[in-house]
Amino acid sequence: MAAPASPDSATERFVIENCAVATVDSHDTVHPTGHLVIAGDTIEAVGAGPAPEGLAHVTRRIDGTGHLVTPGLVNTHHHFYQWITRGLATDHNLFDWLVALYPTWARIDAPMLAAATQGSLGMMVRGGVTTACDHHYVFPRGAGDLVAAELAAAAAIGARLTLARGSMDRGEKDGGLPPDFAVETTEGALLATEEAIDTHHDASFGSLVHIAAAPCSPFSVSTELLRQSAELARRKGVRMHTHGSETVEEETFCHELFGMGPTAYFETTGWLGDDVWMAHCVHMNDADIDAFARTGTGVAHCPSSNARLAAGIARVPDMLAAGVPVGLGVDGTASNESGELHTELRNALLINRLGAHKEAALTARKALRLGTRGGARVLGRAAELGSLEPGKLADLVLWKLDGLAHSSIADPVTALVFGAAAPVTLSLVGGRPVVEDGHLTRVDEDAVARAARDEARRLTRIAAGG
């Protein structure tokens with residue numbers, strides 16, 4: 001990955017000062033009152049007190065009094081298409097929920113996915129996300145170019161995207177959960193994944209689009225698809241993503257079908273490594289955690305979805321202690337209807353305190369690290385983003401903390417994580433605003449809402465045979 005260019009004397013600068021600054025650097029440095037200087041698309045300086053005097057070519061200066069600036073949030077796992085199937089199967093566990101919704105999801109087409117992408121990504125960006133991963137694995141026949149539709153819709157929002165090109169080739173007749181008409185052939189899935197990588201993946205510094213190879217899960221893909229996807233990803237130099245160890249039922253499924261648990265099965269197929277991250281990882285024993293730590297395999301922790309589907313409490317404190325890379329994920333909005341990552345900071349902290357480590361499980365600063373620096377590491381972008389340091393991309397969020405909701409919480413990071421959802425005054429991606437005063441800058445939010453509502457209704461009619 002190429003290093004960022006050093007700004008020259010004519011580079012336009014953007015200054016934010018008089019705000020608290022949570023750098024999320026290696027020491028978790030927090031400046032109670034500090035500044036940032038952005039030159040072009042990167043951070044030029046960050047520190048305590050006011051910005052240096054005499055800076056040339058300052059085109060914008062923001063007084064951040066009453067605010068906290070943090071790195072942009074990084075969402076490591078999502079399913080954008082589910083935005084148009086929110087609020088369904090609300091009292092189901094994972095397997096029953098999937099069986100209930102797969103027949104509807106298998107009718108999705110390109111206009112539906114475009115509308116769902118803008119709804120999902122728009123809601124996240126409005127709440128502080130600057131980089132997101134979408135795991136899209138539903139490719140019905142005749143649906144159009146879903147990858148191109150999603151990328152175009154995401155580009156309009158302006159956030160960075162890792163599109164994990166998913167796949168399923170194990171339908172009901174082969175012992176899987178998806179209906180047979182909802183899956184691809186093994187060869188077709190591999191060819192389509194390679195085409196997506198060749199056409200859209202950009203590995204350059206500051207790229208807006210990464211593609212990952214991402215077979216869906218052990219209960220919806222064949223062993224051959226897993227193995228060949230790993231070989232393809234490593235040949236192409238891209239990352240690998242899937243679901244793993246989400247539920248007790250998945251553990252049972254793997255033992256019955258493969259004679260071993262999910263982690264051991266993944267290792268036999270080439271699916272452990274520092275280029276791999278998995279969603280959920282709720283039911284991990286000590287040996288599983290050791291295997292992830294030994295290989296550098298990452299985890300997308302999705303606390304709200306895990307609770308919504310009654311999956312359980314992931315052993316995040318044990319993973320972190322072992323050295324496992326961990327970031328936060330929203331998961332699809334059919335299992336986390338709010339679809340916002342900043343609420344996951346709080347939920348990760350609270351839910352993990354219900355586990356064995358109780359009040360020592362996570363702190364506010366550890367939760368913020370999961371949602372920023374941890375997520376950047378999981379997505380393979382730690383050199384570019386996830387902390388506020390000179391040379392990194394100017395992906396950041398300015399949170400308003402001087403209102404009633406946070407008025408009596410002295411520490412700004414505690415206010416952000418423990419308190420109510422903080423309004424976003426400004427969010428930048430590569431130094432360019434994607435949110436101002438709580439609203440998206442590049443799309444009409446009302447139009448996005450109307451399109452999602454219309455496509456959700458159309459999907460419902462089609463799934464009902466209308």
# chains A, B, ... in the order shown; residues from 1 in each chain; ligands from 1

$ select_by_dssp --residues "range 302-442 of chain A" --states "strand (DSSP E or B)" --output "list in words"
Val326, Gly327, Leu328, Leu393, Leu396, Val397, Leu398, Trp399, Lys400, Val424, Thr425, Leu426, Ser427, Leu428, Val429, Arg432, Pro433, Val434, Val435, Glu436, His439 and Leu440 of chain A

$ residues_around --residues "range 101-111 of chain A" --least-positions-apart "4" --cutoff "6 Å" --atoms "only C-alpha atoms" --output "CSV table (one decimal) with N, CA, C and O atoms, in the first residue's frame"
chain,number,residue,atom,x,y,z
A,140,PRO,N,-29.8,-13.4,-6.6
A,140,PRO,CA,-30.8,-14.2,-7.3
A,140,PRO,C,-30.6,-14.1,-8.8
A,140,PRO,O,-30.1,-13.1,-9.3
A,143,ALA,N,-31.3,-10.7,-11.3
A,143,ALA,CA,-31.5,-9.6,-10.4
A,143,ALA,C,-30.7,-8.3,-10.9
A,143,ALA,O,-30.9,-7.3,-10.4
A,144,GLY,N,-29.9,-8.5,-12.0
A,144,GLY,CA,-29.1,-7.4,-12.5
A,144,GLY,C,-27.7,-7.4,-11.8
A,144,GLY,O,-27.4,-8.3,-11.1
A,146,LEU,N,-25.8,-6.6,-9.2
A,146,LEU,CA,-25.9,-6.1,-7.8
A,146,LEU,C,-24.7,-5.4,-7.3
A,146,LEU,O,-24.8,-4.5,-6.5
A,149,ALA,N,-24.6,-1.9,-8.7
A,149,ALA,CA,-25.7,-1.1,-8.1
A,149,ALA,C,-25.3,-0.7,-6.7
A,149,ALA,O,-25.6,0.5,-6.3
A,182,ALA,N,-32.2,-19.8,-4.2
A,182,ALA,CA,-31.5,-18.7,-3.7
A,182,ALA,C,-30.0,-18.8,-3.8
A,182,ALA,O,-29.3,-17.9,-3.4
A,463,ALA,N,-42.6,-11.1,-3.1
A,463,ALA,CA,-42.4,-12.3,-2.2
A,463,ALA,C,-43.7,-12.9,-2.0
A,463,ALA,O,-43.8,-14.1,-1.8

$ residues_around --residues "Glu384 in chain A" --least-positions-apart "4" --cutoff "10 Å" --atoms "only C-alpha atoms" --output "PyMOL selection string"
chain A and resi 1+3-4+42+205-207+376-377+380+389+391-395

$ write_last_selection --atoms "all heavy atoms" --output "mmCIF file, in the first residue's frame"
data_model
loop_
_atom_site.group_PDB
_atom_site.id
_atom_site.type_symbol
_atom_site.label_atom_id
_atom_site.label_comp_id
_atom_site.auth_asym_id
_atom_site.auth_seq_id
_atom_site.Cartn_x
_atom_site.Cartn_y
_atom_site.Cartn_z
ATOM 1 N N MET A 1 0.846 -1.194 0.000
ATOM 2 C CA MET A 1 0.000 0.000 0.000
ATOM 3 C C MET A 1 0.880 1.241 0.000
ATOM 4 O O MET A 1 1.768 1.374 0.841
ATOM 5 C CB MET A 1 -0.885 -0.014 1.247
ATOM 6 C CG MET A 1 -1.863 1.147 1.329
ATOM 7 S SD MET A 1 -2.914 0.979 2.769
ATOM 8 C CE MET A 1 -3.866 -0.475 2.334
ATOM 9 N N ALA A 3 2.314 4.978 0.542
ATOM 10 C CA ALA A 3 2.204 5.945 1.625
ATOM 11 C C ALA A 3 1.551 7.218 1.113
ATOM 12 O O ALA A 3 1.580 7.519 -0.077
ATOM 13 C CB ALA A 3 3.587 6.251 2.186
ATOM 14 N N PRO A 4 0.937 8.005 2.018
ATOM 15 C CA PRO A 4 0.324 9.255 1.581
ATOM 16 C C PRO A 4 1.383 10.253 1.161
ATOM 17 O O PRO A 4 2.504 10.263 1.658
ATOM 18 C CB PRO A 4 -0.408 9.732 2.847
ATOM 19 C CG PRO A 4 0.363 9.137 3.980
ATOM 20 C CD PRO A 4 0.832 7.804 3.468
ATOM 21 N N THR A 42 -5.472 14.257 4.346
ATOM 22 C CA THR A 42 -4.812 13.619 5.484
ATOM 23 C C THR A 42 -4.676 14.570 6.664
ATOM 24 O O THR A 42 -4.798 15.792 6.532
ATOM 25 C CB THR A 42 -3.415 13.096 5.094
ATOM 26 O OG1 THR A 42 -2.614 14.193 4.642
ATOM 27 C CG2 THR A 42 -3.505 12.044 3.998
ATOM 28 N N PHE A 205 -3.538 3.739 -1.301
ATOM 29 C CA PHE A 205 -3.761 4.491 -0.067
ATOM 30 C C PHE A 205 -4.926 5.456 -0.269
ATOM 31 O O PHE A 205 -4.988 6.187 -1.248
ATOM 32 C CB PHE A 205 -2.495 5.272 0.307
ATOM 33 C CG PHE A 205 -2.579 5.949 1.650
ATOM 34 C CD1 PHE A 205 -2.108 5.318 2.784
ATOM 35 C CD2 PHE A 205 -3.140 7.216 1.779
ATOM 36 C CE1 PHE A 205 -2.186 5.939 4.031
ATOM 37 C CE2 PHE A 205 -3.224 7.841 3.014
ATOM 38 C CZ PHE A 205 -2.747 7.201 4.140
ATOM 39 N N GLY A 206 -5.868 5.434 0.682
ATOM 40 C CA GLY A 206 -7.020 6.316 0.595
ATOM 41 C C GLY A 206 -8.141 5.826 -0.287
ATOM 42 O O GLY A 206 -9.102 6.561 -0.542
ATOM 43 N N SER A 207 -8.052 4.582 -0.728
ATOM 44 C CA SER A 207 -9.090 4.020 -1.591
ATOM 45 C C SER A 207 -10.464 4.095 -0.942
ATOM 46 O O SER A 207 -10.611 3.909 0.273
ATOM 47 C CB SER A 207 -8.741 2.560 -1.900
ATOM 48 O OG SER A 207 -9.865 1.858 -2.385
ATOM 49 N N ALA A 376 -10.438 -0.700 12.054
ATOM 50 C CA ALA A 376 -9.485 -0.469 10.966
ATOM 51 C C ALA A 376 -8.516 -1.635 10.835
ATOM 52 O O ALA A 376 -8.176 -2.063 9.725
ATOM 53 C CB ALA A 376 -8.723 0.831 11.224
ATOM 54 N N ARG A 377 -8.068 -2.176 11.966
ATOM 55 C CA ARG A 377 -7.165 -3.331 11.931
ATOM 56 C C ARG A 377 -7.865 -4.543 11.335
ATOM 57 O O ARG A 377 -7.303 -5.263 10.496
ATOM 58 C CB ARG A 377 -6.665 -3.641 13.334
ATOM 59 C CG ARG A 377 -5.669 -4.808 13.395
ATOM 60 C CD ARG A 377 -5.274 -5.124 14.828
ATOM 61 N NE ARG A 377 -4.399 -6.301 14.883
ATOM 62 C CZ ARG A 377 -4.104 -6.962 16.000
ATOM 63 N NH1 ARG A 377 -4.600 -6.554 17.170
ATOM 64 N NH2 ARG A 377 -3.312 -8.013 15.955
ATOM 65 N N GLY A 380 -7.984 -4.446 7.690
ATOM 66 C CA GLY A 380 -6.695 -4.344 7.033
ATOM 67 C C GLY A 380 -6.307 -2.935 6.647
ATOM 68 O O GLY A 380 -5.499 -2.729 5.730
ATOM 69 N N GLU A 389 -3.844 10.733 13.848
ATOM 70 C CA GLU A 389 -2.396 10.883 13.891
ATOM 71 C C GLU A 389 -1.914 11.447 12.568
ATOM 72 O O GLU A 389 -2.509 11.171 11.518
ATOM 73 C CB GLU A 389 -1.725 9.532 14.150
ATOM 74 C CG GLU A 389 -2.131 8.881 15.468
ATOM 75 C CD GLU A 389 -1.478 7.523 15.662
ATOM 76 O OE1 GLU A 389 -2.076 6.511 15.224
ATOM 77 O OE2 GLU A 389 -0.384 7.487 16.254
ATOM 78 N N GLY A 391 -0.431 11.988 9.082
ATOM 79 C CA GLY A 391 -0.212 11.049 7.996
ATOM 80 C C GLY A 391 -1.374 10.124 7.731
ATOM 81 O O GLY A 391 -1.431 9.504 6.661
ATOM 82 N N LYS A 392 -2.290 10.005 8.690
ATOM 83 C CA LYS A 392 -3.463 9.157 8.460
ATOM 84 C C LYS A 392 -4.548 9.954 7.738
ATOM 85 O O LYS A 392 -4.552 11.193 7.725
ATOM 86 C CB LYS A 392 -3.977 8.582 9.773
ATOM 87 C CG LYS A 392 -3.071 7.490 10.333
ATOM 88 C CD LYS A 392 -3.807 6.576 11.276
ATOM 89 C CE LYS A 392 -2.953 5.362 11.638
ATOM 90 N NZ LYS A 392 -3.670 4.454 12.561
ATOM 91 N N LEU A 393 -5.473 9.231 7.156
ATOM 92 C CA LEU A 393 -6.562 9.862 6.423
ATOM 93 C C LEU A 393 -7.426 10.704 7.356
ATOM 94 O O LEU A 393 -7.659 10.326 8.512
ATOM 95 C CB LEU A 393 -7.412 8.797 5.741
ATOM 96 C CG LEU A 393 -6.709 8.033 4.623
ATOM 97 C CD1 LEU A 393 -7.503 6.784 4.246
ATOM 98 C CD2 LEU A 393 -6.491 8.917 3.393
ATOM 99 N N ALA A 394 -7.910 11.813 6.840
ATOM 100 C CA ALA A 394 -8.742 12.718 7.631
ATOM 101 C C ALA A 394 -10.186 12.230 7.636
ATOM 102 O O ALA A 394 -11.095 12.852 7.082
ATOM 103 C CB ALA A 394 -8.643 14.129 7.080
ATOM 104 N N ASP A 395 -10.379 11.058 8.257
ATOM 105 C CA ASP A 395 -11.707 10.482 8.484
ATOM 106 C C ASP A 395 -12.012 10.700 9.961
ATOM 107 O O ASP A 395 -11.406 10.043 10.830
ATOM 108 C CB ASP A 395 -11.713 8.988 8.175
ATOM 109 C CG ASP A 395 -11.549 8.680 6.692
ATOM 110 O OD1 ASP A 395 -11.214 9.591 5.926
ATOM 111 O OD2 ASP A 395 -11.747 7.503 6.316
#

$ select_by_dssp --residues "range 210-375 of chain A" --states "alpha helix (DSSP H)" --output "VMD selection string"
chain A and resid 223 to 236 248 to 258 262 to 268 286 to 295 303 to 308 316 to 322 342 to 352 364 to 369 375

$ write_last_selection --atoms "C-alpha atoms" --output "PDB file, in the first residue's frame"
ATOM      1  CA  THR A 223     -16.390 -27.022   1.717  1.00  0.00           C
ATOM      2  CA  GLU A 224     -15.135 -26.683  -1.848  1.00  0.00           C
ATOM      3  CA  LEU A 225     -16.397 -23.103  -2.114  1.00  0.00           C
ATOM      4  CA  LEU A 226     -14.653 -22.212   1.138  1.00  0.00           C
ATOM      5  CA  ARG A 227     -11.358 -23.742   0.025  1.00  0.00           C
ATOM      6  CA  GLN A 228     -11.375 -22.259  -3.453  1.00  0.00           C
ATOM      7  CA  SER A 229     -12.469 -18.832  -2.174  1.00  0.00           C
ATOM      8  CA  ALA A 230      -9.469 -18.792   0.168  1.00  0.00           C
ATOM      9  CA  GLU A 231      -7.171 -19.716  -2.703  1.00  0.00           C
ATOM     10  CA  LEU A 232      -8.724 -17.029  -4.911  1.00  0.00           C
ATOM     11  CA  ALA A 233      -8.472 -14.324  -2.246  1.00  0.00           C
ATOM     12  CA  ARG A 234      -4.818 -15.029  -1.531  1.00  0.00           C
ATOM     13  CA  ARG A 235      -3.966 -15.172  -5.206  1.00  0.00           C
ATOM     14  CA  LYS A 236      -5.608 -11.778  -5.687  1.00  0.00           C
ATOM     15  CA  VAL A 248     -25.088 -23.168  19.502  1.00  0.00           C
ATOM     16  CA  GLU A 249     -27.079 -24.530  16.544  1.00  0.00           C
ATOM     17  CA  GLU A 250     -24.166 -23.711  14.214  1.00  0.00           C
ATOM     18  CA  GLU A 251     -21.790 -25.585  16.525  1.00  0.00           C
ATOM     19  CA  THR A 252     -24.080 -28.610  16.407  1.00  0.00           C
ATOM     20  CA  PHE A 253     -24.448 -28.346  12.618  1.00  0.00           C
ATOM     21  CA  CYS A 254     -20.665 -28.368  12.119  1.00  0.00           C
ATOM     22  CA  HIS A 255     -20.133 -31.340  14.422  1.00  0.00           C
ATOM     23  CA  GLU A 256     -22.874 -33.325  12.691  1.00  0.00           C
ATOM     24  CA  LEU A 257     -21.764 -32.489   9.145  1.00  0.00           C
ATOM     25  CA  PHE A 258     -17.991 -32.171   9.471  1.00  0.00           C
ATOM     26  CA  PRO A 262     -16.537 -24.270  13.374  1.00  0.00           C
ATOM     27  CA  THR A 263     -13.021 -23.010  14.149  1.00  0.00           C
ATOM     28  CA  ALA A 264     -11.376 -26.376  13.490  1.00  0.00           C
ATOM     29  CA  TYR A 265     -13.416 -26.701  10.296  1.00  0.00           C
ATOM     30  CA  PHE A 266     -12.375 -23.243   9.122  1.00  0.00           C
ATOM     31  CA  GLU A 267      -8.735 -24.099   9.737  1.00  0.00           C
ATOM     32  CA  THR A 268      -8.992 -27.218   7.538  1.00  0.00           C
ATOM     33  CA  ASP A 286     -10.284 -21.334  24.844  1.00  0.00           C
ATOM     34  CA  ALA A 287      -8.800 -23.369  21.993  1.00  0.00           C
ATOM     35  CA  ASP A 288     -10.791 -21.361  19.438  1.00  0.00           C
ATOM     36  CA  ILE A 289      -9.587 -18.060  20.880  1.00  0.00           C
ATOM     37  CA  ASP A 290      -6.011 -19.341  20.938  1.00  0.00           C
ATOM     38  CA  ALA A 291      -6.307 -20.332  17.260  1.00  0.00           C
ATOM     39  CA  PHE A 292      -7.564 -16.871  16.305  1.00  0.00           C
ATOM     40  CA  ALA A 293      -4.779 -15.210  18.300  1.00  0.00           C
ATOM     41  CA  ARG A 294      -2.112 -17.513  16.864  1.00  0.00           C
ATOM     42  CA  THR A 295      -3.181 -16.821  13.279  1.00  0.00           C
ATOM     43  CA  PRO A 303     -23.539  -7.012  20.317  1.00  0.00           C
ATOM     44  CA  SER A 304     -27.030  -5.772  19.401  1.00  0.00           C
ATOM     45  CA  SER A 305     -27.621  -8.416  16.734  1.00  0.00           C
ATOM     46  CA  ASN A 306     -26.310 -11.130  19.044  1.00  0.00           C
ATOM     47  CA  ALA A 307     -28.882 -10.025  21.611  1.00  0.00           C
ATOM     48  CA  ARG A 308     -31.722  -9.564  19.077  1.00  0.00           C
ATOM     49  CA  VAL A 316     -14.587 -10.098  23.786  1.00  0.00           C
ATOM     50  CA  PRO A 317     -12.448  -9.387  26.884  1.00  0.00           C
ATOM     51  CA  ASP A 318     -10.791 -12.811  26.537  1.00  0.00           C
ATOM     52  CA  MET A 319     -10.221 -12.243  22.817  1.00  0.00           C
ATOM     53  CA  LEU A 320      -8.595  -8.873  23.448  1.00  0.00           C
ATOM     54  CA  ALA A 321      -6.421 -10.288  26.231  1.00  0.00           C
ATOM     55  CA  ALA A 322      -5.229 -13.037  23.858  1.00  0.00           C
ATOM     56  CA  HIS A 342     -22.411   4.508  17.620  1.00  0.00           C
ATOM     57  CA  THR A 343     -25.052   2.705  19.680  1.00  0.00           C
ATOM     58  CA  GLU A 344     -22.830  -0.385  19.496  1.00  0.00           C
ATOM     59  CA  LEU A 345     -20.127   1.409  21.492  1.00  0.00           C
ATOM     60  CA  ARG A 346     -22.496   1.520  24.445  1.00  0.00           C
ATOM     61  CA  ASN A 347     -24.029  -1.892  23.842  1.00  0.00           C
ATOM     62  CA  ALA A 348     -20.629  -3.570  23.550  1.00  0.00           C
ATOM     63  CA  LEU A 349     -19.616  -2.139  26.900  1.00  0.00           C
ATOM     64  CA  LEU A 350     -22.883  -2.959  28.676  1.00  0.00           C
ATOM     65  CA  ILE A 351     -23.463  -6.441  27.255  1.00  0.00           C
ATOM     66  CA  ASN A 352     -19.907  -7.565  27.930  1.00  0.00           C
ATOM     67  CA  ALA A 364     -15.317   3.607  27.635  1.00  0.00           C
ATOM     68  CA  ARG A 365     -11.930   4.031  25.954  1.00  0.00           C
ATOM     69  CA  LYS A 366     -11.722   0.334  25.073  1.00  0.00           C
ATOM     70  CA  ALA A 367     -15.191   0.503  23.534  1.00  0.00           C
ATOM     71  CA  LEU A 368     -14.195   3.526  21.442  1.00  0.00           C
ATOM     72  CA  ARG A 369     -11.040   1.696  20.360  1.00  0.00           C
ATOM     73  CA  GLY A 375     -12.200  -1.936  13.170  1.00  0.00           C
TER      74      GLY A 375
END

$ residues_around --residues "Thr117 in chain A" --least-positions-apart "6" --cutoff "10 Å" --atoms "only C-alpha atoms" --output "PDB file with C-alpha atoms, in the first residue's frame"
ATOM      1  CA  HIS A  79     -25.901  -6.617   5.259  1.00  0.00           C
ATOM      2  CA  PHE A  80     -27.203  -3.489   3.531  1.00  0.00           C
ATOM      3  CA  TYR A  81     -29.968  -5.266   1.617  1.00  0.00           C
ATOM      4  CA  GLN A  82     -31.780  -6.007   4.882  1.00  0.00           C
ATOM      5  CA  TRP A  83     -32.731  -2.335   5.269  1.00  0.00           C
ATOM      6  CA  ILE A  84     -35.899  -3.089   3.273  1.00  0.00           C
ATOM      7  CA  PRO A 111     -33.035  -1.193  -7.648  1.00  0.00           C
ATOM      8  CA  MET A 123     -28.062   5.980   8.544  1.00  0.00           C
ATOM      9  CA  ASP A 134     -21.138  -4.815   3.620  1.00  0.00           C
ATOM     10  CA  ALA A 149     -25.685  -1.134  -8.112  1.00  0.00           C
ATOM     11  CA  GLU A 150     -24.416  -1.223  -4.546  1.00  0.00           C
ATOM     12  CA  LEU A 151     -21.133   0.503  -5.310  1.00  0.00           C
ATOM     13  CA  ALA A 152     -22.866   3.317  -7.212  1.00  0.00           C
ATOM     14  CA  ALA A 153     -25.348   3.848  -4.380  1.00  0.00           C
ATOM     15  CA  ALA A 154     -22.565   3.866  -1.779  1.00  0.00           C
ATOM     16  CA  ILE A 157     -23.102   8.774   0.173  1.00  0.00           C
ATOM     17  CA  VAL A 448     -33.536   8.039   0.306  1.00  0.00           C
ATOM     18  CA  ALA A 452     -36.372   2.507   0.587  1.00  0.00           C
TER      19      ALA A 452
END

$ residues_around --residues "Ala20 in chain A" --least-positions-apart "3" --cutoff "6 Å" --atoms "only C-alpha atoms" --output "CSV table (one decimal) with C-alpha atoms, in the first residue's frame"
chain,number,residue,atom,x,y,z
A,31,HIS,CA,-6.6,16.2,24.9
A,32,PRO,CA,-9.2,18.0,27.0
A,33,THR,CA,-8.8,20.9,24.7
A,34,GLY,CA,-7.0,20.4,21.4
A,68,LEU,CA,-15.3,15.9,21.0

$ closest_residue --among "A:Leu388, A:Ala420, A:Ile409, A:Cys133" --to "Gly47 in chain A" --atoms "only C-alpha atoms"
A:Leu388

$ closest_atom_pairs --of "range 118-221 of chain A" --to "range 432-439 of chain A" --cutoff "10 Å" --atoms "only C-alpha atoms" --output "CSV"
residue,atom,partner,partner_atom,distance
A:Gly122,CA,A:His439,CA,9.3
A:Met123,CA,A:His439,CA,9.6
A:Val125,CA,A:Val435,CA,7.3
A:Arg126,CA,A:Val435,CA,6.1
A:Gly127,CA,A:Gly438,CA,8.0
A:Gly128,CA,A:Val435,CA,8.4
A:Val129,CA,A:Val434,CA,9.9
A:Thr130,CA,A:Val434,CA,8.5
A:Ala156,CA,A:Val434,CA,9.9
A:Ile157,CA,A:Val434,CA,7.2
A:Gly158,CA,A:Val434,CA,6.2
A:Ala159,CA,A:Val434,CA,7.5

$ write_last_selection --atoms "all heavy atoms" --output "mmCIF file, in the first residue's frame"
data_model
loop_
_atom_site.group_PDB
_atom_site.id
_atom_site.type_symbol
_atom_site.label_atom_id
_atom_site.label_comp_id
_atom_site.auth_asym_id
_atom_site.auth_seq_id
_atom_site.Cartn_x
_atom_site.Cartn_y
_atom_site.Cartn_z
ATOM 1 N N GLY A 122 -26.472 5.402 4.660
ATOM 2 C CA GLY A 122 -26.805 6.768 5.055
ATOM 3 C C GLY A 122 -27.059 6.891 6.536
ATOM 4 O O GLY A 122 -26.599 7.841 7.188
ATOM 5 N N MET A 123 -27.778 5.927 7.110
ATOM 6 C CA MET A 123 -28.062 5.980 8.544
ATOM 7 C C MET A 123 -26.784 5.842 9.352
ATOM 8 O O MET A 123 -26.577 6.544 10.354
ATOM 9 C CB MET A 123 -29.037 4.855 8.911
ATOM 10 C CG MET A 123 -29.666 5.013 10.276
ATOM 11 S SD MET A 123 -30.781 6.448 10.311
ATOM 12 C CE MET A 123 -31.201 6.493 12.042
ATOM 13 N N VAL A 125 -23.636 6.584 8.353
ATOM 14 C CA VAL A 125 -22.784 7.750 8.166
ATOM 15 C C VAL A 125 -23.318 8.925 8.970
ATOM 16 O O VAL A 125 -22.554 9.665 9.607
ATOM 17 C CB VAL A 125 -22.677 8.092 6.667
ATOM 18 C CG1 VAL A 125 -22.023 9.455 6.451
ATOM 19 C CG2 VAL A 125 -21.875 7.010 5.950
ATOM 20 N N ARG A 126 -24.621 9.086 9.000
ATOM 21 C CA ARG A 126 -25.212 10.171 9.786
ATOM 22 C C ARG A 126 -24.903 10.008 11.274
ATOM 23 O O ARG A 126 -24.893 10.985 12.032
ATOM 24 C CB ARG A 126 -26.729 10.204 9.561
ATOM 25 C CG ARG A 126 -27.343 11.546 9.858
ATOM 26 C CD ARG A 126 -28.800 11.582 9.506
ATOM 27 N NE ARG A 126 -29.600 10.795 10.442
ATOM 28 C CZ ARG A 126 -30.939 10.800 10.463
ATOM 29 N NH1 ARG A 126 -31.598 11.525 9.566
ATOM 30 N NH2 ARG A 126 -31.603 10.075 11.323
ATOM 31 N N GLY A 127 -24.610 8.777 11.694
ATOM 32 C CA GLY A 127 -24.266 8.501 13.077
ATOM 33 C C GLY A 127 -22.789 8.292 13.314
ATOM 34 O O GLY A 127 -22.407 7.684 14.321
ATOM 35 N N GLY A 128 -21.915 8.760 12.417
ATOM 36 C CA GLY A 128 -20.493 8.771 12.710
ATOM 37 C C GLY A 128 -19.643 7.737 12.016
ATOM 38 O O GLY A 128 -18.423 7.716 12.208
ATOM 39 N N VAL A 129 -20.224 6.857 11.194
ATOM 40 C CA VAL A 129 -19.432 5.875 10.465
ATOM 41 C C VAL A 129 -18.808 6.535 9.239
ATOM 42 O O VAL A 129 -19.479 7.249 8.499
ATOM 43 C CB VAL A 129 -20.304 4.674 10.035
ATOM 44 C CG1 VAL A 129 -19.586 3.806 9.007
ATOM 45 C CG2 VAL A 129 -20.677 3.834 11.248
ATOM 46 N N THR A 130 -17.515 6.289 9.038
ATOM 47 C CA THR A 130 -16.840 6.785 7.833
ATOM 48 C C THR A 130 -16.351 5.643 6.943
ATOM 49 O O THR A 130 -16.061 5.868 5.766
ATOM 50 C CB THR A 130 -15.658 7.694 8.201
ATOM 51 O OG1 THR A 130 -14.786 6.988 9.095
ATOM 52 C CG2 THR A 130 -16.146 8.971 8.880
ATOM 53 N N ALA A 156 -22.487 7.596 -3.806
ATOM 54 C CA ALA A 156 -23.264 8.822 -3.647
ATOM 55 C C ALA A 156 -23.266 9.313 -2.208
ATOM 56 O O ALA A 156 -23.364 10.525 -1.956
ATOM 57 C CB ALA A 156 -24.700 8.586 -4.120
ATOM 58 N N ILE A 157 -23.152 8.405 -1.245
ATOM 59 C CA ILE A 157 -23.102 8.774 0.173
ATOM 60 C C ILE A 157 -21.736 9.355 0.522
ATOM 61 O O ILE A 157 -21.614 10.313 1.279
ATOM 62 C CB ILE A 157 -23.407 7.555 1.061
ATOM 63 C CG1 ILE A 157 -24.810 6.997 0.765
ATOM 64 C CG2 ILE A 157 -23.261 7.908 2.545
ATOM 65 C CD1 ILE A 157 -25.952 7.855 1.198
ATOM 66 N N GLY A 158 -20.650 8.745 0.014
ATOM 67 C CA GLY A 158 -19.316 9.287 0.202
ATOM 68 C C GLY A 158 -18.437 8.579 1.203
ATOM 69 O O GLY A 158 -17.305 8.997 1.440
ATOM 70 N N ALA A 159 -18.908 7.493 1.824
ATOM 71 C CA ALA A 159 -18.100 6.769 2.803
ATOM 72 C C ALA A 159 -17.179 5.772 2.102
ATOM 73 O O ALA A 159 -17.367 5.429 0.935
ATOM 74 C CB ALA A 159 -19.002 6.035 3.786
#

$ closest_residue --among "A:His201, A:Leu370, A:Ser220, A:Phe139" --to "Gly176 in chain A" --atoms "only C-alpha atoms"
A:Ser220

$ closest_atom_pairs --of "range 359-414 of chain A" --to "range 8-18 of chain A" --cutoff "12 Å" --atoms "only C-alpha atoms" --output "tab-separated table"
residue	atom	partner	partner_atom	distance
A:Ala394	CA	A:Phe14	CA	10.0
A:Leu396	CA	A:Ile16	CA	10.8
A:Val397	CA	A:Ile16	CA	10.9
A:Leu398	CA	A:Ile16	CA	9.1

$ residues_around --residues "Asp25 in chain A" --least-positions-apart "3" --cutoff "7 Å" --atoms "only C-alpha atoms" --output "VMD selection string"
chain A and resid 28 to 29 387 to 388

$ closest_residue --among "A:Asp454, A:Leu362, A:Leu354, A:Arg442" --to "Phe418 in chain A" --atoms "only C-alpha atoms"
A:Leu362
